[in-house]
Amino acid sequence: MLIDIITIFPEVFKPYIDASILGIAQKKEKLHIRVHDLRDYTLDKHKKVDDRPFGGGPGMVMMAEPVFRAVEQIRGAKDEGRKATKTILLCPQGKTLNQKLASKLSKYRHLILICGRYEGVDERVRTRLADEEISIGDYILTGGELAAMVLVDAVARLIPGVLGHKDSSILESFSNNLLEYPQYTRPADFRGMEAPEILLSGDHKKIEAWRRNQALAVTRKKRPDLLIIGKQRKNGVRKNE
Ligand code: 9D3
């Protein structure tokens with residue numbers, strides 16, 4: 001997968017993207033991330049990327065021109081057809097990212113992520129350039145950069161071959177919509193706090209049943225919304241998604 005990120009803070013991506021799961025994915029050539037400085041796509045000598053809102057009001061609005069130019073150049077350079085490419089605007093009013101959406105996005109060959117900043121982005125970017133608007137949750141961030149990194153992380157780990165096949169993404173699909181069961185490691189007795197005896201018993205059938213029960217209990221207590229079945233639940237993570 002190719003991911004192009006358009007931002008006015010290109011320098012903030014490097015450290016995270018080169019470490020973590022994203023670094024591994026890139027080394028394995030399953031993922032290629034390119035970060036573009038929006039200022040490189042401006043036409044004026046001051047490299048202006050924002051301007052005052054028509055009609056007045058506080059703050060600045062991210063201009064349409066540099067964003068359009070960046071996306072057009074990126075789309076044009078990699079001519080694999082628009083269908084395999086999805087252009088996403090990270091913004092507070094977008095659809096909230098969840099595992100199901102991350103899974104859908106992981107099927108694309110190419111993602112273009114536009115990081116919003118300031119008080120907003122010219123509406124024409126939203127309606128005439130982006131295919132989709134995505135938020136990462138109901139809280140206020142300073143811009144779309146952290147949201148883009150969250151999205152990239154969530155999507156990258158779903159690309160086939162990024163994680164070793166023996167690892168958590170497969171285990172996660174077993175435990176489906178449940179929170180994790182409690183885990184312990186050595187020592188069995190830490191300052192008088194003992195690990196459940198059953199986990200030390202070696203009885204794998206009993207351990208499996210205990211874990212399933214614990215997962216259900218924890219989910220019911222902390223996230224009862226995850227246990228709702230049927231079409232009300234929009235963030236459903238079905239097996240292998
Ligand atoms: C203070 C400005 N707000 C006026 C109602 C609107 C606003 C504009 C831009 C609030 C935050 C931002 C910057 N945030 C993002 O661009 C953003 C974001 C977020 O703030 N929360 C969750 N997901 C995302 S994705 C992009």
# chains A, B, ... in the order shown; residues from 1 in each chain; ligands from 1
>>> select_by_dssp(residues="region 108-220 of chain A", states="strand (DSSP E)", output="MDAnalysis selection string")
chainID A and resid 110:115 120:121 132:135 189:190 193:194
>>> residues_near_ligand(ligand="ligand 1", cutoff="10 Å", atoms="only C-alpha atoms and all ligand atoms", output="JSON, numbers by chain")
{"A": [58, 59, 60, 61, 89, 90, 91, 92, 93, 94, 95, 96, 97, 114, 115, 116, 117, 118, 119, 120, 121, 133, 134, 135, 136, 137, 138, 139, 140, 141, 142, 143, 144, 145, 146, 147, 148, 150, 151]}
>>> select_by_dssp(residues="region 38-98 of chain A", states="helix (DSSP H, G or I)", output="list of chain:residue names")
A:Leu38, A:Arg39, A:Asp40, A:Tyr41, A:Ala64, A:Glu65, A:Pro66, A:Val67, A:Phe68, A:Arg69, A:Ala70, A:Val71, A:Glu72, A:Gln73, A:Ile74, A:Arg75, A:Gly76, A:Ala77, A:Arg82, A:Lys83, A:Ala84
>>> closest_residue(among="A:Asp225, A:Asp153, A:Glu194, A:Glu123", to="Leu22 (chain A)", atoms="only C-alpha atoms")
A:Asp153
>>> closest_residue(among="A:Val152, A:Glu29, A:Pro66, A:Val12", to="Ala102 (chain A)", atoms="only C-alpha atoms")
A:Val152
>>> residues_around(residues="region 207-220 of chain A", least_positions_apart="5", cutoff="8 Å", atoms="only C-alpha atoms", output="ChimeraX atom specification")
/A:178-182,198-199,202,226-227
>>> atom_distance(atom1="CA of Gly161 (chain A)", atom2="CA of Ile24 (chain A)")
10.4 Å
>>> residues_around(residues="Ile33 (chain A)", least_positions_apart="2", cutoff="9 Å", atoms="only C-alpha atoms", output="NGL selection string")
:A and (1-5 or 17 or 22 or 26 or 31 or 35)
>>> atom_distance(atom1="CA of Val155 (chain A)", atom2="CA of His32 (chain A)")
12.6 Å
